[in-house]
Amino acid sequence: MPRFKKQNLSEDEPLPLRRRVLFRAVKGTKDILPDDQPYWDFMRDTVRKIAFEYGFSRIDTPIIEDTNIFVRGVGSGTDIVEKEMFTFKDKGGDSISLRPENTAGIARAYIENGLVNKPQPLKLYYFGPMFRYDQPQKGRFREFHQFGFEILGSASPTSDAQMILVASNILKALGLSSFNIKINSVGCVACRPAYKETLLSYYQGQTSRLCAHCKRRLKTNPLRLLDCKEEKCQRLANNAPALIDSLCEECHDHLKEVLEQLDELEIVYSLTSKLVRGLDYYTKTVFEIWPGKAEGQEEGKQIALGGGGRYDNLVEDLGGELTPAVGFSCGMERIIMQLMESKIEPPRSRKIYVFLAQLGELAKRKALVLFEEFRQNGIIVSESFSRGSLKSQLKVADRLGVKVTLILGQKEALEKTILLRDMETGVQELINRDKIVSEVKKRLAKMRKK
RNA sequence: GUGGCUAUGGUGUAACGGCAGCACAACAGGCUGUGGCCCUGUUAGAGAGGGUUCGAGUCCCUCUAGCCACCCCA
């Protein structure tokens, strides 16, 4: 990672003459540089391809939303809303937040744009930046990117299974063969309150044996006690009544059906009764995708690549019709980290085989025109028109690894010829200006055959 | 929000409290119209502020940022 410098200058202070004033990307954000882009393209291309294959349409929602969408959608008691949102008042005094996730925004768009009137279920996918005011660390940024899929208007367990299938196929298509899917059910509005009671009565009289955090959570969000990492809490949680045993008949059958369909699809999962997710909108199915140990990968703390679940009440909670739905999202930076750790290279971008070098003012003008002619004929050539010496241009051509360099100097410009240099053999041939495009085409075709 | 470690050119790094060096990269030249190898040169550096000291890159404090961990999550 590059290190940065920053000078603390007040606004009215004159800029120092010699030293550069350096700004840096704000904490927890980073630039995606040209060298990283192949990974991003690879992932976006893969997501687009699989979305198309499964019949999902792209949706983009704004990066900012009314804060209340997240308060009502994600849940006022969640960490995301309570302490991780970038929230500000706009000039009109409205409370706006940078989206910490995309599902609530999509639910809002679904209601607002009357997407209920499209053939249901509606299958959508997205990718884009999300923002959480979190302490940056491994795989964790304040601005990060997710792609995600949603199926709105389907209560069928098949949709749950399909979501897991899609997620798993994207990872496979990217070359990640080893990952674990954890799955659970968090029940629904009918059975969850009863389970909370059961849980509370279990913890009754044992509160002194909980960590401070859990004591508080007992009141705010008792389900979260189940995945506390503290050893003493863990012991209690292990013996706690399992959520899965308190599911109502409908939720129970739903989970059973999802699992059976996954079995049918030969998707390996582990039923994790203590899996609880941090967003309030989830009902019934919840799942997370964790990286498996890749070959030669160093031991390290693992972080979830993605997660999702069913959210049957979200659309209704935001003011729409009762619309059962299910979805998931994945962290793109985390997946790229996983690709790098697994030594998976993104496919290389299109190679350029031709370089156009020029020498002198007249030749430069002619070269600009020639470049256009090639481009219009579908041949991409590389250039370094800002350079003067032939030597330095050939150096650039060499570094780019082109097969041929076209040299257009004063002499050639006057004679209406082009010098074609084979970069491997060094053999040069003088070619008529009018024939150069077809000559290069011929050579490229020959090269592709090999 | 809490804790640990770290901070030297664009990158990677070195120097007992005593002249800030090396490598790579970039750019220019050697070859004024010909790349790779080689050689020469140029550009460019102590995160910010304060303190100790004759003297601080080096010791101390504060801030900032990075990395990591907790919490939580993608």
# chains A, B, ... in the order shown; residues from 1 in each chain; ligands from 1
call {"tool": "residues_around", "arguments": {"residues": "region 190-196 of chain A", "least_positions_apart": "4", "cutoff": "9 Å", "atoms": "only C-alpha atoms (C1' of nucleotides)", "output": "list in words"}}
result
Val186, Leu200, Ser201, Asn221, Pro222, Leu223, Pro241, Ala242, Leu243, Asp245, Ser246, Leu247, Cys248, Cys251 and Thr283 of chain A
call {"tool": "write_last_selection", "arguments": {"atoms": "N, CA and C atoms", "output": "PDB file, in the first residue's frame"}}
result
ATOM      1  N   VAL A 186     -34.633 -17.715  10.484  1.00  0.00           N
ATOM      2  CA  VAL A 186     -34.864 -16.876  11.664  1.00  0.00           C
ATOM      3  C   VAL A 186     -36.358 -16.716  11.955  1.00  0.00           C
ATOM      4  N   LEU A 200     -35.562 -15.555  26.193  1.00  0.00           N
ATOM      5  CA  LEU A 200     -35.480 -14.703  27.370  1.00  0.00           C
ATOM      6  C   LEU A 200     -35.658 -15.520  28.644  1.00  0.00           C
ATOM      7  N   SER A 201     -36.581 -16.451  28.617  1.00  0.00           N
ATOM      8  CA  SER A 201     -36.788 -17.218  29.839  1.00  0.00           C
ATOM      9  C   SER A 201     -35.615 -18.157  30.084  1.00  0.00           C
ATOM     10  N   ASN A 221     -31.876  -6.846  21.344  1.00  0.00           N
ATOM     11  CA  ASN A 221     -31.903  -7.793  20.237  1.00  0.00           C
ATOM     12  C   ASN A 221     -31.409  -9.160  20.719  1.00  0.00           C
ATOM     13  N   PRO A 222     -32.255  -9.864  21.460  1.00  0.00           N
ATOM     14  CA  PRO A 222     -31.825 -11.100  22.122  1.00  0.00           C
ATOM     15  C   PRO A 222     -31.290 -12.160  21.165  1.00  0.00           C
ATOM     16  N   LEU A 223     -31.732 -12.131  19.906  1.00  0.00           N
ATOM     17  CA  LEU A 223     -31.254 -13.144  18.968  1.00  0.00           C
ATOM     18  C   LEU A 223     -29.736 -13.079  18.801  1.00  0.00           C
ATOM     19  N   PRO A 241     -32.112 -22.938  23.735  1.00  0.00           N
ATOM     20  CA  PRO A 241     -33.059 -23.576  22.816  1.00  0.00           C
ATOM     21  C   PRO A 241     -32.808 -23.076  21.397  1.00  0.00           C
ATOM     22  N   ALA A 242     -32.803 -23.990  20.447  1.00  0.00           N
ATOM     23  CA  ALA A 242     -32.484 -23.599  19.070  1.00  0.00           C
ATOM     24  C   ALA A 242     -33.693 -22.979  18.404  1.00  0.00           C
ATOM     25  N   LEU A 243     -33.388 -21.973  17.623  1.00  0.00           N
ATOM     26  CA  LEU A 243     -34.439 -21.268  16.898  1.00  0.00           C
ATOM     27  C   LEU A 243     -35.225 -22.236  16.025  1.00  0.00           C
ATOM     28  N   ASP A 245     -36.054 -25.136  16.463  1.00  0.00           N
ATOM     29  CA  ASP A 245     -37.077 -25.940  17.137  1.00  0.00           C
ATOM     30  C   ASP A 245     -38.338 -25.143  17.443  1.00  0.00           C
ATOM     31  N   SER A 246     -38.235 -23.820  17.350  1.00  0.00           N
ATOM     32  CA  SER A 246     -39.407 -23.000  17.686  1.00  0.00           C
ATOM     33  C   SER A 246     -40.125 -22.470  16.458  1.00  0.00           C
ATOM     34  N   LEU A 247     -39.658 -22.877  15.292  1.00  0.00           N
ATOM     35  CA  LEU A 247     -40.285 -22.365  14.075  1.00  0.00           C
ATOM     36  C   LEU A 247     -41.735 -22.824  13.981  1.00  0.00           C
ATOM     37  N   CYS A 248     -42.572 -21.928  13.462  1.00  0.00           N
ATOM     38  CA  CYS A 248     -43.951 -22.327  13.224  1.00  0.00           C
ATOM     39  C   CYS A 248     -43.965 -23.330  12.069  1.00  0.00           C
ATOM     40  N   CYS A 251     -42.824 -21.901   8.625  1.00  0.00           N
ATOM     41  CA  CYS A 251     -41.389 -21.638   8.512  1.00  0.00           C
ATOM     42  C   CYS A 251     -40.593 -22.933   8.465  1.00  0.00           C
ATOM     43  N   THR A 283     -36.497 -12.597   7.319  1.00  0.00           N
ATOM     44  CA  THR A 283     -37.479 -13.555   7.828  1.00  0.00           C
ATOM     45  C   THR A 283     -37.128 -14.904   7.222  1.00  0.00           C
TER      46      THR A 283
END
call {"tool": "select_by_dssp", "arguments": {"residues": "region 65-304 of chain A", "states": "helix (DSSP H, G or I)", "output": "JSON, numbers by chain"}}
result
{"A": [67, 68, 69, 70, 71, 72, 73, 79, 80, 81, 82, 83, 103, 104, 105, 106, 107, 108, 109, 110, 111, 112, 115, 116, 117, 157, 158, 159, 160, 161, 162, 163, 164, 165, 166, 167, 168, 169, 170, 171, 172, 173, 192, 193, 194, 195, 196, 197, 198, 199, 200, 201, 202, 203, 207, 208, 209, 212, 213, 214, 215, 216, 217, 218, 219, 220, 222, 223, 224, 225, 226, 227, 231, 232, 233, 234, 235, 236, 237, 238, 239, 243, 244, 245, 249, 250, 251, 252, 253, 254, 255, 256, 257, 258, 259, 260, 261, 262, 263, 264]}
call {"tool": "residues_around", "arguments": {"residues": "G29 (chain B)", "least_positions_apart": "3", "cutoff": "12 Å", "atoms": "only C-alpha atoms (C1' of nucleotides)", "output": "count of residues only"}}
result
8
call {"tool": "interface_residues", "arguments": {"of": "chain B", "to": "chain A", "cutoff": "8 Å", "atoms": "only C-alpha atoms (C1' of nucleotides)", "output": "list in words"}}
result
A7, U11, G33, U34, G35, G36, G47, A48, A65, G66, C67, C68, C72, C73 and A74 of chain B
call {"tool": "write_last_selection", "arguments": {"atoms": "N, CA and C atoms (P, O5', C5', C4', C3', O3' and C1' of nucleotides)", "output": "JSON list (two decimals), in the first residue's frame"}}
result
[["chain", "number", "residue", "atom", "x", "y", "z"],
["B", 7, "A", "P", 8.05, 2.60, 11.39],
["B", 7, "A", "O5'", 7.23, 3.49, 10.35],
["B", 7, "A", "C5'", 7.11, 3.07, 9.00],
["B", 7, "A", "C4'", 6.27, 4.08, 8.22],
["B", 7, "A", "C3'", 6.95, 5.43, 8.01],
["B", 7, "A", "O3'", 6.57, 5.96, 6.75],
["B", 7, "A", "C1'", 4.93, 5.73, 9.18],
["B", 11, "U", "P", 4.85, 5.76, -2.89],
["B", 11, "U", "O5'", 5.43, 4.39, -3.45],
["B", 11, "U", "C5'", 4.55, 3.42, -4.03],
["B", 11, "U", "C4'", 5.34, 2.19, -4.41],
["B", 11, "U", "C3'", 6.17, 1.58, -3.30],
["B", 11, "U", "O3'", 5.40, 0.74, -2.45],
["B", 11, "U", "C1'", 7.51, 1.79, -5.22],
["B", 33, "G", "P", 17.23, 12.22, -36.43],
["B", 33, "G", "O5'", 16.75, 10.74, -36.68],
["B", 33, "G", "C5'", 16.44, 9.89, -35.58],
["B", 33, "G", "C4'", 16.11, 8.55, -36.15],
["B", 33, "G", "C3'", 17.29, 7.90, -36.85],
["B", 33, "G", "O3'", 17.31, 6.52, -36.53],
["B", 33, "G", "C1'", 15.46, 8.07, -38.34],
["B", 34, "U", "P", 18.47, 6.03, -35.53],
["B", 34, "U", "O5'", 17.76, 4.86, -34.73],
["B", 34, "U", "C5'", 16.76, 5.16, -33.73],
["B", 34, "U", "C4'", 16.00, 3.89, -33.45],
["B", 34, "U", "C3'", 16.89, 2.65, -33.49],
["B", 34, "U", "O3'", 16.46, 1.76, -32.49],
["B", 34, "U", "C1'", 15.17, 2.46, -35.09],
["B", 35, "G", "P", 17.34, 1.58, -31.19],
["B", 35, "G", "O5'", 16.26, 0.90, -30.24],
["B", 35, "G", "C5'", 15.34, 1.71, -29.51],
["B", 35, "G", "C4'", 14.40, 0.83, -28.75],
["B", 35, "G", "C3'", 15.08, -0.34, -28.05],
["B", 35, "G", "O3'", 15.51, 0.06, -26.77],
["B", 35, "G", "C1'", 13.19, -1.12, -29.27],
["B", 36, "G", "P", 16.73, -0.59, -26.04],
["B", 36, "G", "O5'", 16.12, -1.93, -25.47],
["B", 36, "G", "C5'", 15.00, -1.93, -24.56],
["B", 36, "G", "C4'", 14.65, -3.38, -24.31],
["B", 36, "G", "C3'", 15.84, -4.17, -23.78],
["B", 36, "G", "O3'", 15.44, -5.01, -22.72],
["B", 36, "G", "C1'", 15.06, -5.09, -25.83],
["B", 47, "G", "P", 7.83, 10.91, 8.07],
["B", 47, "G", "O5'", 6.40, 11.44, 7.62],
["B", 47, "G", "C5'", 6.13, 11.82, 6.27],
["B", 47, "G", "C4'", 4.80, 12.51, 6.24],
["B", 47, "G", "C3'", 4.68, 13.68, 7.22],
["B", 47, "G", "O3'", 5.12, 14.89, 6.62],
["B", 47, "G", "C1'", 2.88, 12.20, 7.55],
["B", 48, "A", "P", 5.78, 16.00, 7.50],
["B", 48, "A", "O5'", 4.54, 16.55, 8.32],
["B", 48, "A", "C5'", 3.55, 17.34, 7.68],
["B", 48, "A", "C4'", 2.57, 17.85, 8.71],
["B", 48, "A", "C3'", 3.21, 18.57, 9.90],
["B", 48, "A", "O3'", 3.48, 19.93, 9.62],
["B", 48, "A", "C1'", 1.68, 16.97, 10.69],
["B", 65, "A", "P", -7.58, 10.09, 10.51],
["B", 65, "A", "O5'", -6.65, 9.23, 9.54],
["B", 65, "A", "C5'", -6.49, 9.59, 8.18],
["B", 65, "A", "C4'", -5.32, 8.84, 7.60],
["B", 65, "A", "C3'", -5.42, 7.33, 7.66],
["B", 65, "A", "O3'", -6.19, 6.81, 6.60],
["B", 65, "A", "C1'", -3.29, 8.00, 8.42],
["B", 66, "G", "P", -6.81, 5.35, 6.70],
["B", 66, "G", "O5'", -5.53, 4.42, 6.62],
["B", 66, "G", "C5'", -4.86, 4.23, 5.37],
["B", 66, "G", "C4'", -3.70, 3.29, 5.57],
["B", 66, "G", "C3'", -4.06, 1.92, 6.12],
["B", 66, "G", "O3'", -4.50, 1.06, 5.11],
["B", 66, "G", "C1'", -2.23, 2.80, 7.32],
["B", 67, "C", "P", -5.60, -0.02, 5.43],
["B", 67, "C", "O5'", -4.77, -1.11, 6.25],
["B", 67, "C", "C5'", -3.74, -1.86, 5.62],
["B", 67, "C", "C4'", -2.97, -2.63, 6.65],
["B", 67, "C", "C3'", -3.80, -3.54, 7.53],
["B", 67, "C", "O3'", -4.09, -4.77, 6.89],
["B", 67, "C", "C1'", -2.32, -2.31, 8.89],
["B", 68, "C", "P", -5.48, -5.47, 7.13],
["B", 68, "C", "O5'", -5.37, -5.92, 8.66],
["B", 68, "C", "C5'", -4.49, -6.98, 9.04],
["B", 68, "C", "C4'", -4.37, -7.07, 10.52],
["B", 68, "C", "C3'", -5.64, -7.32, 11.31],
["B", 68, "C", "O3'", -6.08, -8.66, 11.21],
["B", 68, "C", "C1'", -4.34, -5.71, 12.43],
["B", 72, "C", "P", -20.92, -8.45, 18.17],
["B", 72, "C", "O5'", -21.22, -7.91, 16.70],
["B", 72, "C", "C5'", -22.30, -7.01, 16.48],
["B", 72, "C", "C4'", -22.04, -6.18, 15.26],
["B", 72, "C", "C3'", -22.22, -6.87, 13.92],
["B", 72, "C", "O3'", -23.58, -6.97, 13.54],
["B", 72, "C", "C1'", -20.22, -5.64, 13.89],
["B", 73, "C", "P", -24.06, -8.04, 12.51],
["B", 73, "C", "O5'", -23.17, -7.69, 11.25],
["B", 73, "C", "C5'", -23.78, -7.16, 10.09],
["B", 73, "C", "C4'", -22.74, -6.59, 9.19],
["B", 73, "C", "C3'", -22.49, -7.37, 7.91],
["B", 73, "C", "O3'", -23.42, -7.01, 6.91],
["B", 73, "C", "C1'", -20.41, -6.82, 8.92],
["B", 74, "A", "P", -23.90, -8.07, 5.80],
["B", 74, "A", "O5'", -22.79, -7.93, 4.66],
["B", 74, "A", "C5'", -23.05, -8.48, 3.39],
["B", 74, "A", "C4'", -21.70, -8.70, 2.71],
["B", 74, "A", "C3'", -20.71, -9.36, 3.64],
["B", 74, "A", "O3'", -20.77, -10.75, 3.45],
["B", 74, "A", "C1'", -19.76, -7.41, 2.62]]
call {"tool": "closest_residue", "arguments": {"among": "A:Pro62, A:Gly327, A:Pro38, A:Gly205", "to": "Leu236 (chain A)", "atoms": "only C-alpha atoms"}}
result
A:Gly205
call {"tool": "residues_around", "arguments": {"residues": "region 103-118 of chain A", "least_positions_apart": "4", "cutoff": "10 Å", "atoms": "only C-alpha atoms (C1' of nucleotides)", "output": "MDAnalysis selection string"}}
result
chainID A and resid 59:66 69:74 99 122 124:126 148:150 152:153 281 308 311 314:321 323 325:329
call {"tool": "closest_residue", "arguments": {"among": "B:C63, B:A15, B:G1, B:A20", "to": "G45 (chain B)", "atoms": "only C-alpha atoms (C1' of nucleotides)"}}
result
B:A20
call {"tool": "atom_distance", "arguments": {"atom1": "CA of Asp31 (chain A)", "atom2": "CA of Arg44 (chain A)"}}
result
17.3 Å
call {"tool": "residues_around", "arguments": {"residues": "Gln162 (chain A)", "least_positions_apart": "3", "cutoff": "12 Å", "atoms": "only C-alpha atoms (C1' of nucleotides)", "output": "PyMOL selection string"}}
result
chain A and resi 51+54-56+123+149-151+154+156-159+165-169+258-259+261-262+264-265+267+309-310+326-328
call {"tool": "atom_distance", "arguments": {"atom1": "CA of Asn180 (chain A)", "atom2": "CA of Asp160 (chain A)"}}
result
16.5 Å
call {"tool": "atom_distance", "arguments": {"atom1": "CA of Lys274 (chain A)", "atom2": "CA of Leu218 (chain A)"}}
result
15.6 Å
call {"tool": "select_by_dssp", "arguments": {"residues": "region 289-357 of chain A", "states": "strand (DSSP E)", "output": "JSON, numbers by chain"}}
result
{"A": [289, 290, 291, 306, 307, 308, 309, 310, 325, 326, 327, 328, 329, 330, 331, 354, 355, 356, 357]}
call {"tool": "write_last_selection", "arguments": {"atoms": "N, CA and C atoms", "output": "short mmCIF file (atom, residue, chain, number, x, y, z; two decimals), in the first residue's frame"}}
result
data_model
loop_
_atom_site.label_atom_id
_atom_site.label_comp_id
_atom_site.auth_asym_id
_atom_site.auth_seq_id
_atom_site.Cartn_x
_atom_site.Cartn_y
_atom_site.Cartn_z
N ILE A 289 -22.07 -16.80 2.90
CA ILE A 289 -21.10 -17.55 2.11
C ILE A 289 -19.71 -17.24 2.65
N TRP A 290 -19.01 -18.26 3.05
CA TRP A 290 -17.67 -18.10 3.62
C TRP A 290 -16.65 -18.75 2.72
N PRO A 291 -15.47 -18.14 2.64
CA PRO A 291 -14.44 -18.74 1.79
C PRO A 291 -13.95 -20.06 2.40
N GLY A 306 -20.28 -13.06 1.34
CA GLY A 306 -21.60 -12.54 1.03
C GLY A 306 -22.65 -13.12 1.96
N GLY A 307 -23.84 -12.60 1.85
CA GLY A 307 -24.90 -13.09 2.70
C GLY A 307 -26.23 -12.61 2.18
N GLY A 308 -27.27 -13.24 2.68
CA GLY A 308 -28.58 -12.81 2.22
C GLY A 308 -29.68 -13.56 2.93
N GLY A 309 -30.86 -13.49 2.37
CA GLY A 309 -31.98 -14.18 2.98
C GLY A 309 -33.29 -13.62 2.49
N ARG A 310 -34.33 -14.12 3.13
CA ARG A 310 -35.69 -13.73 2.75
C ARG A 310 -36.11 -12.52 3.56
N ALA A 325 -40.10 -11.61 -0.52
CA ALA A 325 -38.94 -11.41 -1.37
C ALA A 325 -37.72 -12.09 -0.75
N VAL A 326 -36.71 -12.31 -1.60
CA VAL A 326 -35.48 -12.95 -1.11
C VAL A 326 -34.32 -12.40 -1.94
N GLY A 327 -33.15 -12.30 -1.32
CA GLY A 327 -32.01 -11.76 -2.05
C GLY A 327 -30.70 -12.03 -1.34
N PHE A 328 -29.62 -11.58 -1.98
CA PHE A 328 -28.31 -11.71 -1.34
C PHE A 328 -27.39 -10.66 -1.93
N SER A 329 -26.30 -10.40 -1.23
CA SER A 329 -25.28 -9.52 -1.79
C SER A 329 -23.90 -10.05 -1.42
N CYS A 330 -22.92 -9.68 -2.24
CA CYS A 330 -21.55 -10.10 -1.99
C CYS A 330 -20.63 -8.89 -1.99
N GLY A 331 -19.58 -8.96 -1.20
CA GLY A 331 -18.60 -7.89 -1.13
C GLY A 331 -17.57 -8.06 -2.23
N VAL A 354 -0.35 -3.39 -32.97
CA VAL A 354 0.25 -2.42 -33.89
C VAL A 354 0.57 -1.13 -33.17
N PHE A 355 1.76 -0.59 -33.46
CA PHE A 355 2.14 0.70 -32.91
C PHE A 355 2.44 1.64 -34.06
N LEU A 356 1.99 2.88 -33.90
CA LEU A 356 2.20 3.87 -34.95
C LEU A 356 3.17 4.95 -34.44
N ALA A 357 4.35 4.99 -35.06
CA ALA A 357 5.35 5.97 -34.65
C ALA A 357 5.45 7.06 -35.70
#
call {"tool": "residues_around", "arguments": {"residues": "region 50-57 of chain B", "least_positions_apart": "2", "cutoff": "8 Å", "atoms": "only C-alpha atoms (C1' of nucleotides)", "output": "VMD selection string"}}
result
chain B and resid 8 17 to 18 20 46 59 to 62
call {"tool": "decode", "arguments": {"residues": "region 244-330 of chain A", "atoms": "C-alpha atoms", "output": "compact mmCIF listing (two decimals), in the first residue's frame"}}
result
# COMPACT_ATOMS: atom_id res chain seq x y z
CA ILE A 244 -35.05 -24.07 14.50
CA ASP A 245 -37.08 -25.94 17.14
CA SER A 246 -39.41 -23.00 17.69
CA LEU A 247 -40.28 -22.37 14.07
CA CYS A 248 -43.95 -22.33 13.22
CA GLU A 249 -45.15 -25.01 10.84
CA GLU A 250 -44.96 -22.73 7.83
CA CYS A 251 -41.39 -21.64 8.51
CA HIS A 252 -40.35 -25.15 9.30
CA ASP A 253 -41.77 -26.50 6.06
CA HIS A 254 -40.25 -23.62 4.14
CA LEU A 255 -36.78 -24.34 5.47
CA LYS A 256 -37.20 -28.04 4.83
CA GLU A 257 -38.20 -27.37 1.26
CA VAL A 258 -35.23 -25.03 0.68
CA LEU A 259 -32.81 -27.61 2.04
CA GLU A 260 -34.31 -30.37 -0.06
CA GLN A 261 -33.99 -28.31 -3.18
CA LEU A 262 -30.36 -27.54 -2.37
CA ASP A 263 -29.78 -31.27 -1.92
CA GLU A 264 -31.37 -31.85 -5.29
CA LEU A 265 -29.02 -29.25 -6.81
CA GLU A 266 -26.11 -30.92 -5.01
CA ILE A 267 -25.18 -27.69 -3.29
CA VAL A 268 -23.30 -28.37 -0.11
CA TYR A 269 -24.35 -26.30 2.88
CA SER A 270 -24.17 -26.44 6.60
CA LEU A 271 -27.25 -25.84 8.65
CA THR A 272 -26.06 -23.41 11.31
CA SER A 273 -28.68 -22.96 13.98
CA LYS A 274 -26.88 -20.01 15.50
CA LEU A 275 -26.60 -17.98 12.31
CA VAL A 276 -28.33 -14.67 12.92
CA ARG A 277 -27.91 -11.72 10.65
CA GLY A 278 -27.49 -8.11 11.57
CA LEU A 279 -30.33 -6.65 9.58
CA ASP A 280 -33.82 -6.67 11.01
CA TYR A 281 -35.69 -7.25 7.78
CA TYR A 282 -34.80 -10.91 7.43
CA THR A 283 -37.48 -13.56 7.83
CA LYS A 284 -37.27 -17.30 7.39
CA THR A 285 -34.19 -18.21 5.32
CA VAL A 286 -30.87 -16.53 6.04
CA PHE A 287 -27.51 -17.60 4.63
CA GLU A 288 -23.89 -16.58 4.44
CA ILE A 289 -21.10 -17.55 2.11
CA TRP A 290 -17.67 -18.10 3.62
CA PRO A 291 -14.44 -18.74 1.79
CA GLY A 292 -13.03 -22.25 2.00
CA LYS A 293 -9.37 -22.83 2.45
CA ALA A 294 -7.72 -22.41 -0.91
CA GLU A 295 -4.51 -24.19 -1.88
CA GLY A 296 -1.46 -22.57 -0.40
CA GLN A 297 -3.50 -19.92 1.33
CA GLU A 298 -2.12 -18.66 4.58
CA GLU A 299 -3.99 -19.12 7.80
CA GLY A 300 -5.89 -15.98 8.59
CA LYS A 301 -9.09 -14.67 9.92
CA GLN A 302 -11.86 -15.36 7.49
CA ILE A 303 -14.48 -12.91 6.45
CA ALA A 304 -17.82 -13.62 4.83
CA LEU A 305 -17.90 -13.10 1.08
CA GLY A 306 -21.60 -12.54 1.03
CA GLY A 307 -24.90 -13.09 2.70
CA GLY A 308 -28.58 -12.81 2.22
CA GLY A 309 -31.98 -14.18 2.98
CA ARG A 310 -35.69 -13.73 2.75
CA TYR A 311 -37.35 -10.46 3.67
CA ASP A 312 -41.08 -11.02 3.40
CA ASN A 313 -42.12 -7.87 5.25
CA LEU A 314 -39.69 -5.24 4.03
CA VAL A 315 -41.77 -3.92 1.15
CA GLU A 316 -44.81 -3.72 3.39
CA ASP A 317 -42.82 -2.03 6.15
CA LEU A 318 -41.80 0.66 3.68
CA GLY A 319 -45.40 1.29 2.74
CA GLY A 320 -46.00 -1.10 -0.15
CA GLU A 321 -48.18 -4.14 -0.61
CA LEU A 322 -47.23 -7.29 1.24
CA THR A 323 -44.50 -8.61 -1.06
CA PRO A 324 -42.50 -11.66 -0.11
CA ALA A 325 -38.94 -11.41 -1.37
CA VAL A 326 -35.48 -12.95 -1.11
CA GLY A 327 -32.01 -11.76 -2.05
CA PHE A 328 -28.31 -11.71 -1.34
CA SER A 329 -25.28 -9.52 -1.79
CA CYS A 330 -21.55 -10.10 -1.99
